[in-house]
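Colleague: I am attaching a structure below and will ask some questions about it afterwards.
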Amino acid sequence: MAGGLVALLDDVAALARLAAASADDLMTAATRAGSKTVGVVIDDAAVTPGYVVGLPPARELPIIAKIAIGSLRNKLLFILPAALILSAFAQWALTPILMLGGVYLSFEGVEKIIKPLRGEKAIKEVARINDPAELEARQVGGAIRTDLVLSAEIMVIALNELAEASIGTQALVLALVGVVVTIAIYGVVGVIVKMDDVGLRLWRSGGTAAGLGRAIVRAMPLLLTALSFIGTAAMLWVGGGILIHGLAHFGFAMPEEIIHDLAVAAGGSVSIVEWAVAALCTGIVGILAGTIPAAATNLKPSGKH
């Protein structure tokens, strides 16, 4: 998925270069900035399918479209102006804001781990709502609120890659990254949530396509479970990584150096092993960082149930 998103950014860059020679530098900056956000993009794409749980199949794509529009609004109307103001007048605040976002992502990741342990499931929550319009509004609103944090992380990470650019270039690149990433995320999500319908149609068509359709239908629960796991892991990995890099930015580089040394020692010449060890370590940092706010929000006064 990550490689496809970067490839999509490259395609956008190629189209823009046909429009104007000066666009080449702009698209190069957009591709570089956008590729740095891949971890959060994976997280966003993995989390979003859960928001159509319990809703009629006919409403799945319209709901995803509503979430995508809300995501664009988050990025272009709220986050982009705020990011540009911070970049111009309070650039020192970008790293602390990123770190706060890292804590939030870590908290969300830990919440996704402990809720099933307490027997809480999203399907139980949505099952209590009988009005389809109310259920749809609840799901769309929840998705857009979660997207606000993820979109802010995407835009600020991209902005960090443009520190030396002019304010105009920053605005154009951030707008481009916001639009392309949103299309990529919700395009992938739309395909994922409709795959079971495609598989069912193929299954019913009979012939050689029926076997493929049956395989798709049977694989979808496994895929959605895997996406839930990937989304949780990505929240912890991205959140922990942001915190580690933020600490290094403020002069406390020991955690980053320890993780780097462990990853190199474990991986040797095998880069995928090195990456996996580093991701595991940053994920552990994310769990530690998310446990404190998760414990605070889930702590109930004695005597209350």
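Chain lettering (A, B, ...) mirrors the order of the structure tokens, residue numbering begins at 1 for each chain separately, and ligand numbering begins at 1 in order of display.
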Skip Leu288 of chain A itself and residues of its chain fewer than 6 positions away, then list as a tab-separated table (two decimals) with N, CA and C atoms, in the first residue's frame all residues within 10 Å of it, counting only C-alpha atoms.
Modeller:
```tsv
chain	number	residue	atom	x	y	z
A	103	VAL	N	1.43	11.19	21.04
A	103	VAL	CA	0.83	10.66	22.27
A	103	VAL	C	-0.61	10.24	22.01
A	106	SER	N	-0.69	7.03	20.05
A	106	SER	CA	-0.33	5.93	20.95
A	106	SER	C	-1.50	5.58	21.87
A	107	PHE	N	-2.17	6.60	22.38
A	107	PHE	CA	-3.35	6.39	23.22
A	107	PHE	C	-4.44	5.63	22.46
A	110	VAL	N	-3.43	1.96	22.11
A	110	VAL	CA	-3.61	1.21	23.35
A	110	VAL	C	-5.10	0.98	23.62
A	236	LEU	N	0.63	2.68	17.01
A	236	LEU	CA	1.69	2.57	18.02
A	236	LEU	C	3.06	2.84	17.42
A	240	GLY	N	4.94	6.18	18.52
A	240	GLY	CA	6.23	6.00	19.20
A	240	GLY	C	7.37	6.63	18.43
A	282	THR	N	9.89	0.96	18.43
A	282	THR	CA	9.11	2.20	18.45
A	282	THR	C	7.66	1.91	18.84
```
Colleague: Which neighbours of segment 84-95 of chain A fall inside 12 Å, counting only C-alpha atoms, when residues of the same chain fewer than 5 positions from it are skipped, and could you give them as a PDB file with C-alpha atoms, in the first residue's frame?
Modeller:
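Ended up saving to out.pdb:
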```pdb
ATOM      1  CA  LYS A  75      -6.839  19.380   5.737  1.00  0.00           C
ATOM      2  CA  LEU A  76      -7.514  22.393   3.530  1.00  0.00           C
ATOM      3  CA  LEU A  77      -9.746  24.674   5.613  1.00  0.00           C
ATOM      4  CA  PHE A  78      -8.445  24.092   9.133  1.00  0.00           C
ATOM      5  CA  ILE A  79      -5.077  22.347   9.266  1.00  0.00           C
ATOM      6  CA  LEU A 100       1.230  15.624  21.238  1.00  0.00           C
ATOM      7  CA  GLY A 101      -0.205  13.978  18.154  1.00  0.00           C
ATOM      8  CA  GLY A 102       2.162  11.060  18.732  1.00  0.00           C
ATOM      9  CA  ALA A 152      -2.871  17.011  11.210  1.00  0.00           C
ATOM     10  CA  GLU A 153      -0.029  14.517  11.601  1.00  0.00           C
ATOM     11  CA  MET A 155       0.258  17.775   7.138  1.00  0.00           C
ATOM     12  CA  VAL A 156       2.750  18.654   9.888  1.00  0.00           C
ATOM     13  CA  ILE A 157       5.069  15.788   8.904  1.00  0.00           C
ATOM     14  CA  ALA A 158       4.921  17.032   5.312  1.00  0.00           C
ATOM     15  CA  LEU A 159       5.519  20.621   6.466  1.00  0.00           C
ATOM     16  CA  ASN A 160       8.666  19.538   8.295  1.00  0.00           C
ATOM     17  CA  GLU A 161      10.083  18.509   4.912  1.00  0.00           C
ATOM     18  CA  LEU A 162       9.466  22.019   3.571  1.00  0.00           C
ATOM     19  CA  ALA A 163      11.124  24.102   6.257  1.00  0.00           C
ATOM     20  CA  GLU A 164      13.359  25.938   3.756  1.00  0.00           C
ATOM     21  CA  ALA A 165      10.625  26.551   1.163  1.00  0.00           C
ATOM     22  CA  SER A 166       8.741  29.818   0.694  1.00  0.00           C
ATOM     23  CA  ILE A 167       5.306  30.209   2.256  1.00  0.00           C
ATOM     24  CA  GLY A 168       3.694  30.000  -1.193  1.00  0.00           C
ATOM     25  CA  THR A 169       5.471  26.742  -2.020  1.00  0.00           C
ATOM     26  CA  GLN A 170       4.553  25.333   1.385  1.00  0.00           C
ATOM     27  CA  ALA A 171       0.889  26.165   0.796  1.00  0.00           C
ATOM     28  CA  LEU A 172       0.794  24.614  -2.672  1.00  0.00           C
ATOM     29  CA  VAL A 173       2.686  21.476  -1.667  1.00  0.00           C
ATOM     30  CA  LEU A 174       0.606  20.929   1.465  1.00  0.00           C
ATOM     31  CA  ALA A 175      -2.616  21.387  -0.535  1.00  0.00           C
ATOM     32  CA  ILE A 242       7.172  10.646  16.426  1.00  0.00           C
ATOM     33  CA  LEU A 243       7.913  10.817  20.151  1.00  0.00           C
ATOM     34  CA  ILE A 244      11.409   9.349  19.741  1.00  0.00           C
ATOM     35  CA  HIS A 245      12.300  11.775  16.947  1.00  0.00           C
ATOM     36  CA  GLY A 246      10.837  14.652  18.949  1.00  0.00           C
ATOM     37  CA  LEU A 247      12.969  13.787  21.967  1.00  0.00           C
ATOM     38  CA  ALA A 248      16.051  13.692  19.719  1.00  0.00           C
ATOM     39  CA  HIS A 249      15.095  17.117  18.355  1.00  0.00           C
ATOM     40  CA  PHE A 250      15.183  18.486  21.904  1.00  0.00           C
TER      41      PHE A 250
END
```
Colleague: At a cut-off of 12 Å, using only C-alpha atoms, what residues contact Arg204 of chain A? Leave out same-chain residues fewer than 6 positions from it and give the result as a list in words.
Modeller: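 Non-adjacent residues within range: Asp197, Val198, Ala210, Gly211, Leu212, Gly213, Arg214 and Val217 of chain A.
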Colleague: Can you tell me, as number ranges by chain, what residues are no more than 8 Å from segment 218-226 of chain A when counting only C-alpha atoms, ignoring any on the same chain fewer than 2 positions away?
Modeller: A: 49, 195-196, 214-216, 228-230
Colleague: Let me see the file: selected residues, N, CA and C atoms, as a PDB file, in the first residue's frame.
Modeller:
```pdb
ATOM      1  N   PRO A  49     -12.187   1.637   7.384  1.00  0.00           N
ATOM      2  CA  PRO A  49     -13.247   0.661   7.086  1.00  0.00           C
ATOM      3  C   PRO A  49     -14.109   0.296   8.283  1.00  0.00           C
ATOM      4  N   MET A 195     -15.432  -4.958  -1.725  1.00  0.00           N
ATOM      5  CA  MET A 195     -14.917  -6.203  -2.265  1.00  0.00           C
ATOM      6  C   MET A 195     -15.838  -7.381  -1.974  1.00  0.00           C
ATOM      7  N   ASP A 196     -16.497  -7.381  -0.804  1.00  0.00           N
ATOM      8  CA  ASP A 196     -17.397  -8.495  -0.506  1.00  0.00           C
ATOM      9  C   ASP A 196     -18.593  -8.501  -1.454  1.00  0.00           C
ATOM     10  N   ARG A 214     -16.224 -16.716  -4.455  1.00  0.00           N
ATOM     11  CA  ARG A 214     -16.327 -17.401  -3.170  1.00  0.00           C
ATOM     12  C   ARG A 214     -15.083 -17.157  -2.320  1.00  0.00           C
ATOM     13  N   ALA A 215     -13.908 -17.177  -2.969  1.00  0.00           N
ATOM     14  CA  ALA A 215     -12.652 -16.945  -2.250  1.00  0.00           C
ATOM     15  C   ALA A 215     -12.604 -15.516  -1.696  1.00  0.00           C
ATOM     16  N   ILE A 216     -13.094 -14.543  -2.483  1.00  0.00           N
ATOM     17  CA  ILE A 216     -13.087 -13.143  -2.031  1.00  0.00           C
ATOM     18  C   ILE A 216     -13.999 -12.972  -0.826  1.00  0.00           C
ATOM     19  N   SER A 228      -7.513  -4.226  10.849  1.00  0.00           N
ATOM     20  CA  SER A 228      -7.653  -3.727  12.212  1.00  0.00           C
ATOM     21  C   SER A 228      -6.343  -3.873  12.977  1.00  0.00           C
ATOM     22  N   PHE A 229      -5.698  -5.016  12.812  1.00  0.00           N
ATOM     23  CA  PHE A 229      -4.411  -5.247  13.467  1.00  0.00           C
ATOM     24  C   PHE A 229      -3.356  -4.279  12.934  1.00  0.00           C
ATOM     25  N   ILE A 230      -3.315  -4.108  11.608  1.00  0.00           N
ATOM     26  CA  ILE A 230      -2.340  -3.207  10.997  1.00  0.00           C
ATOM     27  C   ILE A 230      -2.572  -1.772  11.471  1.00  0.00           C
TER      28      ILE A 230
END
```
Colleague: Please identify the alpha helix (DSSP H) residues within segment 25-269 of chain A (assignment by DSSP from backbone atoms) and present them as an MDAnalysis selection string.
Modeller: chainID A and resid 25:35 38:47 57:73 80:89 94:117 122:127 132:160 167:205 208:249 254:267
Colleague: Using atom CA of Ala133 of chain A and atom CA of Val193 of chain A as the two end points, give the distance in Å to one decimal.
Modeller: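 Going from atom CA of Ala133 of chain A over to atom CA of Val193 of chain A, I get 19.6 Å.
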Colleague: May I have the residues within 9 Å of Leu105 of chain A as a PDB file with N, CA and C atoms, in the first residue's frame, using only C-alpha atoms and disregarding those fewer than 6 positions away in the same chain?
Modeller:
```pdb
ATOM      1  N   VAL A 149      -7.063  14.296  13.610  1.00  0.00           N
ATOM      2  CA  VAL A 149      -5.746  14.085  14.222  1.00  0.00           C
ATOM      3  C   VAL A 149      -4.778  13.481  13.205  1.00  0.00           C
ATOM      4  N   LEU A 150      -5.241  12.449  12.488  1.00  0.00           N
ATOM      5  CA  LEU A 150      -4.358  11.808  11.509  1.00  0.00           C
ATOM      6  C   LEU A 150      -3.979  12.785  10.393  1.00  0.00           C
ATOM      7  N   ALA A 234       0.110   0.315  13.414  1.00  0.00           N
ATOM      8  CA  ALA A 234       0.600   1.547  12.798  1.00  0.00           C
ATOM      9  C   ALA A 234       0.456   2.735  13.740  1.00  0.00           C
ATOM     10  N   MET A 235      -0.654   2.787  14.488  1.00  0.00           N
ATOM     11  CA  MET A 235      -0.820   3.870  15.463  1.00  0.00           C
ATOM     12  C   MET A 235       0.319   3.864  16.476  1.00  0.00           C
ATOM     13  N   LEU A 236       0.634   2.679  17.012  1.00  0.00           N
ATOM     14  CA  LEU A 236       1.689   2.573  18.025  1.00  0.00           C
ATOM     15  C   LEU A 236       3.059   2.840  17.415  1.00  0.00           C
ATOM     16  N   VAL A 238       3.800   4.576  14.575  1.00  0.00           N
ATOM     17  CA  VAL A 238       3.933   5.980  14.169  1.00  0.00           C
ATOM     18  C   VAL A 238       4.005   6.885  15.398  1.00  0.00           C
ATOM     19  N   GLY A 239       3.111   6.649  16.375  1.00  0.00           N
ATOM     20  CA  GLY A 239       3.118   7.482  17.575  1.00  0.00           C
ATOM     21  C   GLY A 239       4.433   7.397  18.326  1.00  0.00           C
ATOM     22  N   GLY A 240       4.942   6.175  18.524  1.00  0.00           N
ATOM     23  CA  GLY A 240       6.228   6.003  19.196  1.00  0.00           C
ATOM     24  C   GLY A 240       7.372   6.632  18.431  1.00  0.00           C
ATOM     25  N   GLY A 286       5.456   3.410  21.833  1.00  0.00           N
ATOM     26  CA  GLY A 286       4.081   3.875  21.672  1.00  0.00           C
ATOM     27  C   GLY A 286       3.144   3.293  22.712  1.00  0.00           C
ATOM     28  N   GLY A 290       1.153   5.505  25.361  1.00  0.00           N
ATOM     29  CA  GLY A 290      -0.303   5.512  25.317  1.00  0.00           C
ATOM     30  C   GLY A 290      -0.969   4.935  26.546  1.00  0.00           C
TER      31      GLY A 290
END
```
Colleague: Counting only C-alpha atoms, which residue out of A:Ala83, A:Ile114, A:Ala68, A:Ala263 sits closest to Ala143 of chain A?
Modeller: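 Looking only at the distances to Ala143 of chain A, the closest residue turns out to be A:Ala68.
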Colleague: List every residue of segment 112-206 of chain A that has an atom at most 7 Å from any atom of segment 59-67 of chain A, and for each one report the closest atom pair and its distance in Å to one decimal, counting only C-alpha atoms, with rows sorted by chain and then by increasing residue number, as a tab-separated table.
Modeller:
```
residue	atom	partner	partner_atom	distance
A:Val140	CA	A:Ile67	CA	5.9
A:Ala143	CA	A:Ile67	CA	6.6
A:Ile144	CA	A:Ile67	CA	5.9
A:Tyr186	CA	A:Ile64	CA	6.9
A:Gly190	CA	A:Leu61	CA	6.2
```
Colleague: Keeping only all heavy atoms, write the selected residues as a PDB file, in the first residue's frame.
Modeller:
```
ATOM      1  N   VAL A 140     -20.017   8.739  10.657  1.00  0.00           N
ATOM      2  CA  VAL A 140     -19.317   9.750   9.864  1.00  0.00           C
ATOM      3  C   VAL A 140     -18.632  10.760  10.782  1.00  0.00           C
ATOM      4  O   VAL A 140     -17.457  11.118  10.572  1.00  0.00           O
ATOM      5  CB  VAL A 140     -20.297  10.456   8.900  1.00  0.00           C
ATOM      6  CG1 VAL A 140     -19.622  11.662   8.239  1.00  0.00           C
ATOM      7  CG2 VAL A 140     -20.787   9.485   7.839  1.00  0.00           C
ATOM      8  N   ALA A 143     -15.556   9.204  12.398  1.00  0.00           N
ATOM      9  CA  ALA A 143     -14.466   9.039  11.433  1.00  0.00           C
ATOM     10  C   ALA A 143     -13.774  10.370  11.147  1.00  0.00           C
ATOM     11  O   ALA A 143     -12.541  10.442  11.062  1.00  0.00           O
ATOM     12  CB  ALA A 143     -14.998   8.438  10.131  1.00  0.00           C
ATOM     13  N   ILE A 144     -14.569  11.437  10.995  1.00  0.00           N
ATOM     14  CA  ILE A 144     -13.982  12.741  10.681  1.00  0.00           C
ATOM     15  C   ILE A 144     -13.186  13.277  11.873  1.00  0.00           C
ATOM     16  O   ILE A 144     -12.129  13.900  11.689  1.00  0.00           O
ATOM     17  CB  ILE A 144     -15.081  13.730  10.250  1.00  0.00           C
ATOM     18  CG1 ILE A 144     -15.657  13.298   8.899  1.00  0.00           C
ATOM     19  CG2 ILE A 144     -14.531  15.151  10.144  1.00  0.00           C
ATOM     20  CD1 ILE A 144     -16.850  14.123   8.438  1.00  0.00           C
ATOM     21  N   TYR A 186      -9.068   7.150   0.636  1.00  0.00           N
ATOM     22  CA  TYR A 186     -10.477   6.795   0.560  1.00  0.00           C
ATOM     23  C   TYR A 186     -10.818   6.032  -0.712  1.00  0.00           C
ATOM     24  O   TYR A 186     -11.837   5.326  -0.762  1.00  0.00           O
ATOM     25  CB  TYR A 186     -11.337   8.037   0.767  1.00  0.00           C
ATOM     26  CG  TYR A 186     -11.187   8.534   2.178  1.00  0.00           C
ATOM     27  CD1 TYR A 186     -10.350   9.609   2.494  1.00  0.00           C
ATOM     28  CD2 TYR A 186     -11.806   7.864   3.227  1.00  0.00           C
ATOM     29  CE1 TYR A 186     -10.172  10.012   3.802  1.00  0.00           C
ATOM     30  CE2 TYR A 186     -11.627   8.269   4.544  1.00  0.00           C
ATOM     31  CZ  TYR A 186     -10.809   9.341   4.819  1.00  0.00           C
ATOM     32  OH  TYR A 186     -10.625   9.726   6.127  1.00  0.00           O
ATOM     33  N   GLY A 190     -12.659   2.584  -0.249  1.00  0.00           N
ATOM     34  CA  GLY A 190     -13.846   2.263  -1.031  1.00  0.00           C
ATOM     35  C   GLY A 190     -13.748   0.897  -1.695  1.00  0.00           C
ATOM     36  O   GLY A 190     -14.715   0.125  -1.705  1.00  0.00           O
TER      37      GLY A 190
END
```
